[in-house]
Structures are given as structure tokens and as C-alpha cells.
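Source file: protein_12.txt (compact mmCIF, C-alpha atoms)
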# COMPACT_ATOMS: atom_id res chain seq x y z
CA MET A 1 -11.53 -2.11 -14.58
CA ARG A 2 -8.89 -4.75 -13.81
CA ALA A 3 -6.94 -4.23 -10.60
CA LEU A 4 -4.17 -5.89 -8.60
CA VAL A 5 -3.80 -5.01 -4.90
CA THR A 6 -0.84 -6.26 -2.89
CA GLY A 7 -0.91 -6.83 0.85
CA ALA A 8 -4.64 -7.38 0.54
CA ALA A 9 -5.27 -10.13 3.07
CA ARG A 10 -6.31 -7.57 5.68
CA GLY A 11 -6.13 -3.91 6.68
CA LEU A 12 -5.77 -1.15 4.14
CA GLY A 13 -5.22 -3.54 1.25
CA GLU A 14 -8.42 -5.40 1.99
CA ALA A 15 -10.34 -2.11 2.27
CA VAL A 16 -9.01 -0.89 -1.08
CA ALA A 17 -9.80 -4.19 -2.76
CA ALA A 18 -13.30 -4.22 -1.25
CA ARG A 19 -14.05 -0.74 -2.60
CA LEU A 20 -12.80 -1.68 -6.06
CA VAL A 21 -14.89 -4.86 -6.07
CA GLY A 22 -17.94 -2.94 -4.91
CA ASP A 23 -17.44 -0.41 -7.69
CA GLY A 24 -17.44 -3.16 -10.32
CA ALA A 25 -13.76 -3.96 -10.84
CA ASP A 26 -12.22 -7.37 -11.37
CA VAL A 27 -9.65 -7.64 -8.59
CA VAL A 28 -6.72 -9.88 -7.69
CA LEU A 29 -5.60 -9.84 -4.06
CA LEU A 30 -1.91 -10.70 -3.68
CA ASP A 31 -0.42 -11.42 -0.27
CA VAL A 32 2.22 -13.60 1.35
CA ALA A 33 -0.36 -14.72 3.93
CA PRO A 34 -2.47 -17.75 2.92
CA GLU A 35 -5.44 -16.02 4.61
CA VAL A 36 -5.75 -13.92 1.46
CA THR A 37 -7.79 -16.77 -0.02
CA ALA A 38 -10.48 -16.37 2.63
CA THR A 39 -10.41 -12.60 2.15
CA ALA A 40 -10.99 -12.99 -1.59
CA GLU A 41 -13.92 -15.31 -0.97
CA ARG A 42 -15.41 -12.78 1.43
CA LEU A 43 -15.04 -9.90 -1.00
CA ALA A 44 -16.54 -11.92 -3.85
CA ALA A 45 -19.81 -11.89 -1.92
CA LEU A 46 -19.98 -8.10 -1.97
CA ARG A 47 -21.44 -7.93 -5.46
CA PRO A 48 -23.35 -10.45 -7.59
CA GLY A 49 -21.10 -11.74 -10.34
CA ALA A 50 -17.96 -10.21 -8.82
CA ARG A 51 -14.67 -11.59 -10.13
CA VAL A 52 -12.16 -11.81 -7.29
CA ARG A 53 -9.09 -14.00 -7.04
CA ALA A 54 -6.39 -14.58 -4.44
CA VAL A 55 -2.72 -15.10 -5.27
CA VAL A 56 -0.21 -16.08 -2.59
CA ALA A 57 3.18 -14.49 -3.29
CA ASP A 58 6.00 -12.69 -1.50
CA VAL A 59 6.60 -9.19 -2.92
CA ALA A 60 10.17 -9.26 -1.63
CA ASP A 61 11.09 -12.33 -3.69
CA GLU A 62 11.75 -11.80 -7.40
CA GLU A 63 10.77 -15.30 -8.51
CA SER A 64 7.61 -15.24 -6.39
CA VAL A 65 6.61 -11.86 -7.82
CA GLU A 66 7.18 -12.99 -11.39
CA ARG A 67 5.00 -16.05 -10.85
CA GLY A 68 2.32 -14.31 -8.81
CA VAL A 69 1.91 -11.21 -10.96
CA SER A 70 1.96 -13.28 -14.15
CA GLU A 71 -0.82 -15.45 -12.71
CA ALA A 72 -2.80 -12.33 -11.84
CA LEU A 73 -2.34 -10.81 -15.27
CA GLU A 74 -3.41 -14.00 -17.02
CA TRP A 75 -6.56 -14.28 -14.91
CA LEU A 76 -7.45 -10.59 -15.29
CA GLY A 77 -6.67 -10.56 -19.00
CA GLY A 78 -4.55 -7.43 -18.50
CA ILE A 79 -4.29 -4.73 -15.87
CA ASP A 80 -5.51 -1.17 -15.47
CA VAL A 81 -4.72 -0.40 -11.82
CA LEU A 82 -1.93 -1.59 -9.56
CA VAL A 83 -1.97 -0.75 -5.85
CA ASN A 84 1.32 -1.47 -4.07
CA ASN A 85 0.11 -1.72 -0.49
CA ALA A 86 2.15 -4.60 0.97
CA GLY A 87 4.42 -3.45 3.77
CA VAL A 88 5.88 -4.14 7.20
CA GLY A 89 6.51 -1.86 10.15
CA GLY A 90 10.02 -2.90 11.02
CA PRO A 91 12.21 -2.33 14.09
CA THR A 92 11.68 0.56 16.51
CA SER A 93 15.23 0.55 17.84
CA ALA A 94 17.92 3.19 17.37
CA VAL A 95 20.11 2.76 14.31
CA VAL A 96 23.16 1.93 16.44
CA ASP A 97 21.23 -0.95 18.02
CA THR A 98 19.48 -2.32 14.93
CA PRO A 99 20.71 -5.54 13.26
CA VAL A 100 21.32 -5.27 9.52
CA ALA A 101 18.92 -8.15 8.86
CA ASP A 102 16.04 -6.19 10.40
CA ILE A 103 16.69 -3.15 8.21
CA ARG A 104 17.16 -5.28 5.13
CA ARG A 105 13.78 -6.98 5.59
CA VAL A 106 11.96 -3.64 5.81
CA LEU A 107 13.65 -2.35 2.67
CA GLU A 108 13.01 -5.58 0.80
CA VAL A 109 9.27 -5.57 1.51
CA ASN A 110 8.50 -1.85 1.51
CA LEU A 111 10.77 -0.64 -1.30
CA LEU A 112 12.04 -3.57 -3.34
CA GLY A 113 8.53 -5.05 -3.29
CA PRO A 114 6.88 -2.15 -5.16
CA PHE A 115 9.81 -2.12 -7.56
CA LEU A 116 9.47 -5.82 -8.42
CA VAL A 117 5.67 -5.83 -8.68
CA THR A 118 5.54 -2.61 -10.69
CA ARG A 119 8.28 -3.72 -13.06
CA ARG A 120 6.25 -6.78 -14.05
CA ALA A 121 2.86 -5.05 -14.14
CA ALA A 122 4.12 -1.94 -15.96
CA ARG A 123 5.50 -4.08 -18.77
CA ALA A 124 1.98 -5.44 -19.27
CA MET A 125 0.47 -1.94 -19.18
CA ILE A 126 2.94 -0.74 -21.80
CA GLU A 127 2.17 -3.71 -24.04
CA GLN A 128 -1.57 -3.05 -23.73
CA GLY A 129 -1.11 0.49 -24.95
CA THR A 130 -4.17 1.75 -23.08
CA GLY A 131 -2.54 3.57 -20.19
CA GLY A 132 -2.99 2.67 -16.56
CA LEU A 133 -2.47 3.68 -12.95
CA VAL A 134 0.05 2.70 -10.30
CA VAL A 135 -0.61 3.71 -6.69
CA ASN A 136 2.18 3.23 -4.16
CA LEU A 137 1.42 3.35 -0.45
CA GLY A 138 3.86 5.62 1.32
CA SER A 139 3.48 7.18 4.76
CA ILE A 140 3.77 10.42 6.67
CA PHE A 141 6.98 8.80 7.89
CA GLY A 142 8.21 8.85 4.33
CA GLN A 143 7.81 12.64 4.52
CA GLN A 144 9.48 13.18 7.89
CA GLY A 145 11.92 11.21 9.97
CA VAL A 146 11.21 9.87 13.45
CA ALA A 147 13.62 8.58 16.07
CA GLY A 148 13.54 4.81 16.28
CA GLY A 149 12.04 4.41 12.84
CA ALA A 150 14.95 4.87 10.47
CA ALA A 151 14.35 1.70 8.46
CA TYR A 152 10.64 2.37 7.95
CA CYS A 153 11.15 6.08 7.20
CA ALA A 154 13.90 5.31 4.71
CA SER A 155 11.77 2.71 2.96
CA LYS A 156 8.73 4.97 2.64
CA GLY A 157 10.82 7.97 1.63
CA GLY A 158 12.26 5.75 -1.07
CA VAL A 159 8.76 4.86 -2.22
CA ALA A 160 7.94 8.55 -2.78
CA LEU A 161 11.03 9.13 -4.92
CA PHE A 162 10.50 5.82 -6.72
CA THR A 163 7.07 7.21 -7.64
CA HIS A 164 8.63 10.40 -9.02
CA SER A 165 11.04 8.54 -11.29
CA LEU A 166 8.47 6.00 -12.41
CA ALA A 167 5.90 8.69 -13.19
CA LEU A 168 8.35 10.37 -15.56
CA GLU A 169 9.31 7.09 -17.22
CA LEU A 170 5.74 5.90 -17.76
CA ALA A 171 4.08 9.20 -18.67
CA PRO A 172 4.77 8.71 -22.40
CA TYR A 173 2.65 5.54 -22.23
CA GLY A 174 -0.27 7.26 -20.52
CA ILE A 175 0.45 5.44 -17.26
CA ARG A 176 0.10 7.60 -14.15
CA VAL A 177 1.97 6.88 -10.91
CA ASN A 178 1.18 8.43 -7.52
CA THR A 179 1.87 7.88 -3.84
CA ILE A 180 -0.77 7.91 -1.13
CA ALA A 181 0.78 8.76 2.23
CA PRO A 182 -1.46 7.62 5.11
CA GLY A 183 -1.20 9.07 8.58
CA ASN A 184 -2.26 7.29 11.77
CA MET A 185 -4.49 4.53 10.51
CA ALA A 186 -6.68 2.13 12.51
CA THR A 187 -4.77 -0.95 11.40
CA GLU A 188 -3.24 -3.88 13.22
CA MET A 189 0.24 -2.61 12.31
CA HIS A 190 -0.46 0.69 14.08
CA TRP A 191 -2.05 -1.03 17.06
CA GLN A 192 0.99 -3.28 17.43
CA ASP A 193 3.21 -0.23 17.52
CA LEU A 194 1.06 1.36 20.20
CA ARG A 195 1.02 -1.83 22.28
CA ALA A 196 4.82 -1.92 22.15
CA ARG A 197 4.96 1.73 23.12
CA ALA A 198 2.59 1.17 26.02
CA ALA A 199 4.74 -1.67 27.31
CA LYS A 200 7.87 0.46 27.03
CA GLU A 201 6.34 3.51 28.71
CA ALA A 202 4.37 1.54 31.35
CA THR A 203 1.09 3.01 30.09
CA SER A 204 -2.01 1.33 28.72
CA PHE A 205 -2.86 0.66 25.09
CA GLU A 206 -5.96 2.82 25.45
CA GLU A 207 -3.87 5.71 26.76
CA GLU A 208 -1.52 5.47 23.80
CA VAL A 209 -4.44 5.43 21.35
CA GLU A 210 -5.84 8.58 22.93
CA ARG A 211 -2.43 10.23 22.96
CA VAL A 212 -2.09 9.74 19.20
CA ARG A 213 -5.67 10.76 18.53
CA ALA A 214 -5.11 14.04 20.37
CA THR A 215 -2.41 14.98 17.84
CA ILE A 216 -4.71 14.57 14.82
CA PRO A 217 -6.49 17.80 13.78
CA LEU A 218 -9.53 15.89 12.48
CA GLY A 219 -9.74 14.08 15.81
CA ARG A 220 -9.78 10.47 14.68
CA HIS A 221 -7.63 7.70 13.28
CA GLY A 222 -7.88 7.05 9.57
CA ALA A 223 -9.81 4.07 8.23
CA GLY A 224 -9.39 1.79 5.26
CA ASN A 225 -12.21 3.57 3.46
CA ASP A 226 -10.24 6.82 3.60
CA ILE A 227 -7.42 5.24 1.62
CA ALA A 228 -9.81 3.38 -0.68
CA GLY A 229 -11.56 6.62 -1.54
CA ALA A 230 -8.28 8.21 -2.56
CA VAL A 231 -7.41 5.22 -4.73
CA VAL A 232 -10.78 5.31 -6.47
CA TRP A 233 -10.38 9.03 -7.13
CA LEU A 234 -6.94 8.49 -8.64
CA ALA A 235 -8.41 5.77 -10.85
CA SER A 236 -11.16 8.07 -12.09
CA GLU A 237 -11.16 10.51 -14.99
CA ASP A 238 -11.27 13.31 -12.42
CA ALA A 239 -7.59 12.55 -11.70
CA ALA A 240 -6.52 12.09 -15.32
CA TYR A 241 -3.99 14.94 -15.04
CA VAL A 242 -2.47 13.82 -11.72
CA THR A 243 0.84 11.95 -11.76
CA GLY A 244 4.04 11.91 -9.74
CA GLN A 245 2.30 13.25 -6.63
CA THR A 246 2.31 12.32 -2.97
CA ILE A 247 -1.21 12.68 -1.62
CA GLY A 248 -1.48 12.88 2.14
CA VAL A 249 -4.42 11.11 3.75
CA ASN A 250 -3.54 11.89 7.33
CA GLY A 251 -6.27 13.92 9.05
CA GLY A 252 -4.11 17.03 8.94
CA VAL A 253 -1.32 15.69 11.16
CA PHE A 254 1.30 16.50 8.50
CA LEU A 255 0.92 19.37 6.05
CA THR A 256 2.84 19.92 2.82
What does the file become when written as C-alpha cells?
Amino acid sequence: MRALVTGAARGLGEAVAARLVGDGADVVLLDVAPEVTATAERLAALRPGARVRAVVADVADEESVERGVSEALEWLGGIDVLVNNAGVGGPTSAVVDTPVADIRRVLEVNLLGPFLVTRRAARAMIEQGTGGLVVNLGSIFGQQGVAGGAAYCASKGGVALFTHSLALELAPYGIRVNTIAPGNMATEMHWQDLRARAAKEATSFEEEVERVRATIPLGRHGAGNDIAGAVVWLASEDAAYVTGQTIGVNGGVFLT
């Protein structure tokens, strides 16, 4: 299996890439952060003979995506799985108080990014003629709105509908497209949000973590392995008839 994972320098992207490497895939980690090189070196040690490569590129920049994805495709010799994980949290202010530049950045990374990366990778999948899989990372906040999170919610809601359209367009080529919608995940992005909330509410970070945890039916935050497991299942023959779906990995905090 040949896979490309964006936003893979750390967090969920790193966890997904690590699982794919461990399961025998050749994997390219693409991230705007130069630290992705060290991550790739670390993951290459997970399995003897593992083929892992880092590519530094900005998913929100068309020229950077064209260069970065083309480099990845050349090194992989093709592509079977694309995981669009790169994303940013964005502002937590009310819409009336949010600068346009802040909203634009969230949309460019979280929504335009998957569009640009998928456009380039899907062309390669079509040319190969062997099918493929695209997994877009959405969010529970792409399924429901939240005050103070309009930019993020809009971007992730857009990802879900982008998945629907893309799944219909690529189905004739045997390429499946699905969204994974994480809930409250133990990632630095989530911790940053809770630290900001603690500062605003004059509480402690630990109190905010416990407050969120208490709302999760399964009683814990999600981990990278939870998302990686869903990706691996989607990439397996067991999911060969699954496309155009939003799969919640959220501990039961949001039910559809």
C-alpha cells in the first residue's frame, strides 16, 4: 500500500502514519512544519525496511501542493490512500468580532487544503486505474455548530459535503471517499483550546479537561490510535462498499 498523510508532523496525522507504516505501507508524511522530517525518521524505525519520506509543503498554497504532492507521488510510484488530516483550530471569537483574515486562514487550510491535495492525488489515482481511497478528517463540529467556532465549524462542515460530492465523482473509477469525524481528541490543538478556555473562565487546565471528559459517554478523550484504526478499516477490503460517509469517532458524544 502507498499512502500520503497530510498534517503528519505530530498528533493525529503522525498516529495515522505510524499505524500505516507498522502495517507495511510505504508512507509520505506531508506537513508545513519542518519537524515532519524528524517524525518521518522516527516512524521509519518502527519496521525493518520501512519506506517513509517527509515532504514539507503548505496545503493552503496551490503551488506548494502541486510540488509537494508530485514529489510524494514520484517517490511512492503511485498512490492508493490519501489521508487529508492537516488542519488548524482557528479563532474562538464571535463572528461579529472576528477579522476576515482569521476566518480566511481556517478555510484555506481546513477546506481548500483537502481540495488542492485531493485534486492532484485523485488525478494520479484515476490514471492508475486501480481504484483508491481518500479519507478526509472532519469533526463533530462539522456536524453541529458551536458559539465562538463559526470558522472551524464552517470549514469542517464543508469537508463533509466536499466528501459527498467527491465520492460521487470518483465512484466510477473505484475510488472511495469518506470523512472521519473525531470528537474530543487528546491532541495539542485540543489542549490549546482548553488552556484558552481555562484562562477565560479563571479555572485550571485540569478542571477544563475533566469538564470535557465528563461529557463523553465512553469516559475518555480519543487518541490517535482511535483515528488510525478507522483509517485502516476504511483502507481494508472490509470497507470496500463504504463511500461518501461521515464516520464518527467521538466516544458517543455526538450521535447520528
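Atom pair atom CA of A:Val232 / atom CA of A:Cys153: separated by 25.9 Å.
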(request) Excluding A:Ala240 and residues on its chain fewer than 6 positions from it, collect all residues at most 12 Å away from it, counting all atoms listed in the file, and give them as a PyMOL selection string. (result) chain A and resi 131-133+171+174-178+232-234
Dump C-alpha atoms for the selected residues as an mmCIF file, keeping the file's coordinate frame?
data_model
loop_
_atom_site.group_PDB
_atom_site.id
_atom_site.type_symbol
_atom_site.label_atom_id
_atom_site.label_comp_id
_atom_site.auth_asym_id
_atom_site.auth_seq_id
_atom_site.Cartn_x
_atom_site.Cartn_y
_atom_site.Cartn_z
ATOM 1 C CA GLY A 131 -2.540 3.570 -20.190
ATOM 2 C CA GLY A 132 -2.990 2.670 -16.560
ATOM 3 C CA LEU A 133 -2.470 3.680 -12.950
ATOM 4 C CA ALA A 171 4.080 9.200 -18.670
ATOM 5 C CA GLY A 174 -0.270 7.260 -20.520
ATOM 6 C CA ILE A 175 0.450 5.440 -17.260
ATOM 7 C CA ARG A 176 0.100 7.600 -14.150
ATOM 8 C CA VAL A 177 1.970 6.880 -10.910
ATOM 9 C CA ASN A 178 1.180 8.430 -7.520
ATOM 10 C CA VAL A 232 -10.780 5.310 -6.470
ATOM 11 C CA TRP A 233 -10.380 9.030 -7.130
ATOM 12 C CA LEU A 234 -6.940 8.490 -8.640
#
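For the choices A:Val242, A:Ala18, A:Val81, A:Ile140, the atom-to-atom distance to A:Thr256 is smallest for A:Ile140 when using only C-alpha atoms.
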(message) Need to verify the contact set: stretch 85-91 of chain A, 8 Å, all atoms listed in the file, exclusion of same-chain residues closer than 3 positions in sequence. Can you return it as a ChimeraX atom specification?
(response) /A:5-8,12-13,31,59,98,102-103,105-106,109-110,113,136-137,148-149,151-152,189
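Of the residues listed (A:Glu206, A:Ser93, A:Thr118, A:Pro99), A:Thr118 shows the shortest atom-to-atom separation from A:Ser70; distances use only C-alpha atoms.
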(request) Name all residues at most 12 Å from stretch 21-23 of chain A (count only C-alpha atoms; drop same-chain ones fewer than 2 positions away) and give them as a ChimeraX atom specification. (result) /A:1-5,14-19,25-29,40-53,228-229,231-233,235-236
(message) When you count only C-alpha atoms, which of these residues is closest to A:Gln143: A:Leu170, A:Leu82, A:Ala124, A:Leu255?
(response)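 When distances to A:Gln143 are compared using only C-alpha atoms, the smallest one comes from A:Leu255.
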(request) Calculate how many Å separate atom CA of A:Ile180 from atom CA of A:Ile247, rounding to one decimal. (result)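 Rounded to one decimal, the two atoms are 4.8 Å apart.
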(request) Would you list the contacts of A:Ala147 as a PyMOL selection string, taking every protein, DNA or RNA residue within 9 Å and counting all atoms listed in the file, but skipping same-chain residues closer than 4 positions in sequence? (result) chain A and resi 92-95
Sort by chain and increasing residue number a table of all residues of stretch 77-157 of chain A within 12 Å of stretch 251-254 of chain A, each with its closest pair of atoms and their distance in Å to one decimal, counting all atoms listed in the file, and write it as a Markdown table.
| residue | atom | partner | partner_atom | distance |
| --- | --- | --- | --- | --- |
| A:Ser139 | CA | A:Phe254 | CA | 10.3 |
| A:Ile140 | CA | A:Phe254 | CA | 6.8 |
| A:Phe141 | CA | A:Phe254 | CA | 9.6 |
| A:Gly142 | CA | A:Phe254 | CA | 11.1 |
| A:Gln143 | CA | A:Phe254 | CA | 8.6 |
| A:Gln144 | CA | A:Phe254 | CA | 8.8 |
| A:Gly145 | CA | A:Phe254 | CA | 12.0 |
(request) Tell me, in Å to one decimal, how far atom CA of A:Arg197 is from atom CA of A:Gly158. (result)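 Pair atom CA of A:Arg197 / atom CA of A:Gly158 returns 25.6 Å.
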Using all atoms of stretch 35-39 of chain A listed in the file and a margin of 3 Å per side, can you give the axis-aligned box centre and edge lengths in Å to one decimal, as AutoDock Vina command-line options?
--center_x -8.0 --center_y -14.7 --center_z 2.3 --size_x 11.0 --size_y 10.2 --size_z 10.6
(message) Using only C-alpha atoms, can you tell me which of A:Arg10, A:Lys156, A:Thr37, A:Glu66 comes closest to A:Ala54?
(response) A:Thr37
(request) Rank nothing, just name the residue among A:Glu208, A:Ala38, A:Phe115, A:Arg120 nearest to A:Ala72, using only C-alpha atoms. (result)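 Of A:Glu208, A:Ala38, A:Phe115, A:Arg120, the one nearest A:Ala72 is A:Arg120, counting only C-alpha atoms.
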